[in-house]
Amino acid sequence: MATTSSPPLARKLLDGVTSQEPPAAAAPGPVNWVPLLVAGAGAVALVVTVWNRHGAKPGVLLLLGLGLGLALFHSRFGFTSAWRQLVAVGNGAGLRAHTLLLGTTATLFALVIGTGTGLFGSTPAPSSGPLGLGLVLGAVLFGFGMQLGGACACAFGRGGTSCPAPGC
């Protein structure tokens with residue numbers, strides 16, 4: 001049995017790729033208050049409308065979604081940006097964070113659905129439903145959010161040229 005002194009292929013491919021320091025962030029520019037105030041007023045109006053028309057459960061879930069979205073936006077925690085960091089500068093921290101997030105979420109969902117423990121007196125169960133207007137509207141809003149959040153993948157899709165969309 002012959003031994004080789006070279007490391008395994010996976011080690012060669014990943015050696016040094018995921019251990020580099022993240023690049024230094026550019027200095028932030030001045031805050032543009034108009035879109036911030038419009039978005040804030042829209043969020044408040046949406047929460048008040050949902051809470052009054054549909055009750056506390058959808059209102060709390062909307063507040064939770066808005067808060068998590070704001071936190072993820074400001075942390076630049078996106079799938080595409082994590083891949084971009086790995087490919088462009090060799091920083092795999094974002095992909096490791098996504099792997100941890102997905103593993104934790106899958107485990108918690110299995111526990112919640114398996115035990116039947118829910119909030120607001122509900123019993124969670126796996127389900128699927130028909131496609132509707134809400135799904136289409138959510139997909140469009142998600143697309144706008146991806147563009148505004150700087151998580152657009154088209155910069156690598158066209159040979160590394162810059163994307164015409166803002167945030168890319």
# chains A, B, ... in the order shown; residues from 1 in each chain; ligands from 1

call {"tool": "closest_atom_pairs", "arguments": {"of": "segment 54-110 of chain A", "to": "segment 114-117 of chain A", "cutoff": "12 Å", "atoms": "only C-alpha atoms", "output": "tab-separated table"}}
result
residue	atom	partner	partner_atom	distance
A:Ala106	CA	A:Gly114	CA	11.8
A:Thr107	CA	A:Gly114	CA	10.4
A:Leu108	CA	A:Gly114	CA	9.6
A:Phe109	CA	A:Gly114	CA	8.1
A:Ala110	CA	A:Gly114	CA	5.7

call {"tool": "write_last_selection", "arguments": {"atoms": "N, CA and C atoms", "output": "tab-separated table (two decimals), in the first residue's frame"}}
result
chain	number	residue	atom	x	y	z
A	106	ALA	N	-34.58	23.34	10.75
A	106	ALA	CA	-35.16	22.03	10.42
A	106	ALA	C	-35.38	21.21	11.69
A	107	THR	N	-34.43	21.26	12.61
A	107	THR	CA	-34.58	20.53	13.87
A	107	THR	C	-35.74	21.07	14.68
A	108	LEU	N	-35.84	22.39	14.79
A	108	LEU	CA	-36.92	22.99	15.57
A	108	LEU	C	-38.29	22.74	14.93
A	109	PHE	N	-38.37	22.82	13.60
A	109	PHE	CA	-39.64	22.52	12.94
A	109	PHE	C	-40.05	21.07	13.18
A	110	ALA	N	-39.10	20.15	13.11
A	110	ALA	CA	-39.42	18.74	13.37
A	110	ALA	C	-39.94	18.56	14.80

call {"tool": "closest_residue", "arguments": {"among": "A:Ala25, A:Leu66, A:Ala97, A:Leu86", "to": "Val44 of chain A", "atoms": "only C-alpha atoms"}}
result
A:Leu66

call {"tool": "residues_around", "arguments": {"residues": "Leu63 of chain A", "least_positions_apart": "4", "cutoff": "8 Å", "atoms": "only C-alpha atoms", "output": "list in words"}}
result
Val47, Gly59 and Gly67 of chain A

call {"tool": "write_last_selection", "arguments": {"atoms": "N, CA, C and O atoms", "output": "PDB file, in the first residue's frame"}}
result
ATOM      1  N   VAL A  47     -49.295  47.218   9.804  1.00  0.00           N
ATOM      2  CA  VAL A  47     -49.490  46.518  11.079  1.00  0.00           C
ATOM      3  C   VAL A  47     -50.832  46.910  11.694  1.00  0.00           C
ATOM      4  O   VAL A  47     -51.590  46.046  12.161  1.00  0.00           O
ATOM      5  N   GLY A  59     -51.271  40.059  13.453  1.00  0.00           N
ATOM      6  CA  GLY A  59     -50.539  41.281  13.767  1.00  0.00           C
ATOM      7  C   GLY A  59     -49.193  41.004  14.404  1.00  0.00           C
ATOM      8  O   GLY A  59     -48.178  41.602  14.033  1.00  0.00           O
ATOM      9  N   GLY A  67     -39.607  42.629  11.968  1.00  0.00           N
ATOM     10  CA  GLY A  67     -38.409  42.743  12.810  1.00  0.00           C
ATOM     11  C   GLY A  67     -37.282  41.841  12.333  1.00  0.00           C
ATOM     12  O   GLY A  67     -36.125  42.273  12.248  1.00  0.00           O
TER      13      GLY A  67
END

call {"tool": "atom_distance", "arguments": {"atom1": "atom CA of His54 of chain A", "atom2": "atom CA of Phe120 of chain A"}}
result
13.8 Å

call {"tool": "atom_distance", "arguments": {"atom1": "atom CA of Asn91 of chain A", "atom2": "atom CA of Gly69 of chain A"}}
result
23.4 Å

call {"tool": "closest_residue", "arguments": {"among": "A:Leu70, A:Leu64, A:Ala56, A:Ala88", "to": "Ala39 of chain A", "atoms": "only C-alpha atoms"}}
result
A:Leu70

call {"tool": "atom_distance", "arguments": {"atom1": "atom CA of His74 of chain A", "atom2": "atom CA of Leu137 of chain A"}}
result
23.1 Å

call {"tool": "closest_atom_pairs", "arguments": {"of": "segment 42-113 of chain A", "to": "segment 144-147 of chain A", "cutoff": "12 Å", "atoms": "only C-alpha atoms", "output": "Markdown table"}}
result
| residue | atom | partner | partner_atom | distance |
| --- | --- | --- | --- | --- |
| A:Gly69 | CA | A:Gly145 | CA | 9.6 |
| A:Leu70 | CA | A:Gly145 | CA | 10.8 |
| A:Leu72 | CA | A:Gly145 | CA | 11.3 |
| A:Phe73 | CA | A:Gly145 | CA | 8.9 |
| A:Arg76 | CA | A:Met146 | CA | 10.6 |
| A:Phe77 | CA | A:Met146 | CA | 11.1 |
| A:Gly78 | CA | A:Met146 | CA | 8.6 |
| A:Phe79 | CA | A:Met146 | CA | 10.2 |
| A:Thr80 | CA | A:Met146 | CA | 9.3 |
| A:Ser81 | CA | A:Met146 | CA | 10.3 |
